[in-house]
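Engineer: Let me give you the structure first, and then I'll get to my questions.
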Amino acid sequence: MRILFTLTYYRPHVSGLTMYVERLAAALVARGHDVTILTSRHDASLPHEDVVDGVRVVRAPVAFNVSKGPVMPSLPLLARRLIDEHDIVSGHLPMFEAAMFAALGRTMRTPTILTYHCDLLLPPGMLNRAVEGTVFASNWLAARLVKGIVAYTNDYAAHSRLLRQFMRKITVISPPVVMPAPSPDDVARFREQHRLEGRTVIGFASRFAAEKGIEHLVDALPPLLERFPNLNVLFAGPNREVIGEEAYRERLRPKIEALGERWKFLGTLGPGELPAFYASLDALLMTSVNSTESFGLVQVEAMLCGTPVVATNLPGVRQPVTVTGMGEIVAIADPGSLTEGIAKVLSMPERYRRTREVIERLFDIEVTVSAYERLFEEAIANVNRS
């Protein structure tokens with residue numbers, strides 16, 4: 001198959017959505033498919049087109065940004081050309097141009113399958129509310145036009161403002177998770193490098209963004225430090241110049257700086273560094289506060305490295321802990337509940353241990369890729385028969 005993926009941002013931008021598409025695209029290439037990514041050239045230093053791990057990446061020039069969204073005047077012509085070259089379009093939402101891709105696919109008789117990653121919720125402000133409404137309308141129209149939509153979980157789909165209107169079109173496919181087993185030597189080096197011996201360590205693996213609810217951990221830390229005096233926080237992921245999050249970071253900066261060496265920003269870690277990072281944690285935190293988070297791939301990554309998770313009780317987000325039992329679920333935006341959940345995991349680690357084999361059986365990337373292949377093949381066959 002010749003598969004065209006469309007999404008607003010792609011590598012080197014880091015998010016759960018970009019990791020999802022990157023892994024899925026690479027796995028499909030490994031199975032012999034031709035895969036192209038059509039995305040924004042959000043950084044002017046990036047090439048217009050290149051090949052990354054066998055995946056062709058085409059980037060549309062950005063004229064300017066509205067809130068977190070790039071405006072790409074040349075995208076319709078570029079989209080039409082690329083759709084004509086491919087057998088199927090895999091659109092990854094939320095995306096302002098979703099309706100355009102769905103309409104082009106329908107007009108050109110190229111089937112379009114949507115993967116709905118999350119609802120879009122932007123920071124307060126009249127402009128952001130207008131952007132949210134526009135993107136929702138485009139995504140809703142796209143959902144009306146296509147035959148199939150992929151969701152991570154039934155739990156999230158049933159609670160999503162958009163997905164719950166299209167339940168008959170939805171196929172649930174677990175997200176692609178890839179995480180090598182941590183090497184004991186790498187873990188030892190990581191712990192020595194960051195002076196973690198004798199310390200209790202909790203961490204994040206995410207962008208520094210408002211929807212992640214980072215302030216609730218900051219507020220939960222004083223009582224946690226009373227119970228665990230050697231507690232440290234490691235934050236892996238982009239934390240500076242995160243698109244649209246400058247004000248949020250500035251608001252939290254004084255409290256985080258006051259923690260001194262107890263809070264350490266690691267920056268974006270490479271794939272080879274992540275297993276040692278996860279294995280060095282006593283708990284990974286998923287403190288998200290709204291429906292822009294629909295699952296949290298990093299939860300399963302941490303579990304594959306033997307690390308339990310403390311996650312908020314959001315639809316979709318609560319599923320990894322629910323199905324594995326490898327962690328605690330806490331109330332949303334509630335520092336007190338977060339304190340108690342973290343304390344439980346840190347106090348009784350043996351209660352939350354599961355083998356890597358158990359987690360691999362529940363989240364098998366080969367099952368995920370096969371499910372996408374079947375969905376794509378059926379959509380192409382249905383168009384050919386009509």
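By convention here, the chains of the structure tokens are called A, B, ... in the order presented, each chain's residues are numbered starting at 1, and ligands are numbered starting at 1 in the order presented.
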Can you pull out every residue within 12 Å of Leu221 (chain A), counting only C-alpha atoms, but drop anything in the same chain fewer than 2 positions away, and send it as a VMD selection string?
Structural biologist: chain A and resid 202 214 to 219 223 to 233 255 to 256 258 to 259 262 to 263 335 to 340 342 to 343
Engineer: Output as a PyMOL selection string all residues of region 51-162 of chain A that backbone DSSP marks as strand (DSSP E).
Structural biologist: chain A and resi 51-52+55-61+64-66+69-71+88-93+112-116+148-151
Engineer: With distances taken over only C-alpha atoms, which residue among A:Pro320, A:Pro175, A:Pro349, A:Gly237 lies nearest Val367 (chain A)?
Structural biologist: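 That would be A:Pro175, the residue with the smallest distance to Val367 (chain A).
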Engineer: DSSP on the backbone: which residues in region 66-290 of chain A end up as alpha helix (DSSP H)? Give the answer as a ChimeraX atom specification.
Structural biologist: /A:75-84,98-107,126-145,154-159,184-193,214-227,246-258,274-279
Engineer: Excluding region 54-59 of chain A and residues on its chain fewer than 2 positions from it, collect all residues at most 8 Å away from it, counting only C-alpha atoms, and give them as a list in words.
Structural biologist: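 So, after excluding close chain neighbours, the residues are Ala25, Ala26, Val29, Asp34, Val35, Thr36, Ile37, Leu38, Thr39, Ser40, Arg41, Pro47, His48, Glu49, Asp50, Val51, Val52 and Pro61 of chain A.
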Engineer: Restricting the calculation to only C-alpha atoms, which member of A:Pro275, A:Val300, A:Glu373, A:Leu284 is positioned closest to Pro182 (chain A)?
Structural biologist: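 Among A:Pro275, A:Val300, A:Glu373, A:Leu284, it is A:Pro275 that comes nearest to Pro182 (chain A).
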Engineer: Which polymer residues have any atom within 8 Å of an atom of Gln299 (chain A), counting only C-alpha atoms, with same-chain residues fewer than 3 positions away left out, as a PyMOL selection string?
Structural biologist: chain A and resi 284+286+296+302-303+309+320
Engineer: Please produce a file of the residues just selected, as a PDB file, in the first residue's frame, where the atoms kept are N, CA and C atoms.
Structural biologist:
ATOM      1  N   LEU A 284       6.232   7.062  37.597  1.00  0.00           N
ATOM      2  CA  LEU A 284       6.001   8.053  36.542  1.00  0.00           C
ATOM      3  C   LEU A 284       4.665   8.722  36.812  1.00  0.00           C
ATOM      4  N   MET A 286       1.374  11.016  35.505  1.00  0.00           N
ATOM      5  CA  MET A 286       0.531  11.465  34.396  1.00  0.00           C
ATOM      6  C   MET A 286      -0.575  12.306  35.036  1.00  0.00           C
ATOM      7  N   GLY A 296      -1.889   8.595  26.940  1.00  0.00           N
ATOM      8  CA  GLY A 296      -0.588   8.727  27.587  1.00  0.00           C
ATOM      9  C   GLY A 296       0.302   7.541  27.281  1.00  0.00           C
ATOM     10  N   ALA A 302       6.770   3.362  30.519  1.00  0.00           N
ATOM     11  CA  ALA A 302       7.313   3.221  31.872  1.00  0.00           C
ATOM     12  C   ALA A 302       7.044   1.826  32.428  1.00  0.00           C
ATOM     13  N   MET A 303       5.825   1.332  32.215  1.00  0.00           N
ATOM     14  CA  MET A 303       5.478  -0.004  32.715  1.00  0.00           C
ATOM     15  C   MET A 303       6.359  -1.076  32.105  1.00  0.00           C
ATOM     16  N   VAL A 309       2.845   3.746  37.672  1.00  0.00           N
ATOM     17  CA  VAL A 309       2.358   5.045  37.216  1.00  0.00           C
ATOM     18  C   VAL A 309       1.308   5.578  38.189  1.00  0.00           C
ATOM     19  N   PRO A 320      -4.461   2.550  31.030  1.00  0.00           N
ATOM     20  CA  PRO A 320      -3.276   1.714  31.268  1.00  0.00           C
ATOM     21  C   PRO A 320      -3.181   1.188  32.698  1.00  0.00           C
TER      22      PRO A 320
END
Engineer: Mind pulling up the distance from CA of Ser370 (chain A) to CA of Tyr20 (chain A)?
Structural biologist: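 About the pair CA of Tyr20 (chain A) and CA of Ser370 (chain A): they are 15.0 Å apart.
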Engineer: Please list as an MDAnalysis selection string every residue within 8 Å of Val289 (chain A), counting only C-alpha atoms and excluding residues in the same chain fewer than 4 positions away.
Structural biologist: chainID A and resid 211:213 293 312 314 332:333
Engineer: Considering only C-alpha atoms, state which residue in the set A:Ala60, A:Met95, A:Leu17, A:Leu269 is at the smallest distance from Glu132 (chain A).
Structural biologist: A:Met95
Engineer: Hey, can you check how far CA of Phe136 (chain A) sits from CA of Glu97 (chain A)?
Structural biologist: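 About the pair CA of Phe136 (chain A) and CA of Glu97 (chain A): they are 10.6 Å apart.
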Engineer: In Å to one decimal, how far is CA of Lys68 (chain A) from CA of Val131 (chain A)?
Structural biologist: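 Between these atoms lies a distance of 9.1 Å.
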Engineer: Smallest atom-to-atom distance to Arg81 (chain A): which of A:Pro12, A:Gly125, A:Pro184, A:Gly105, using only C-alpha atoms?
Structural biologist: A:Gly105
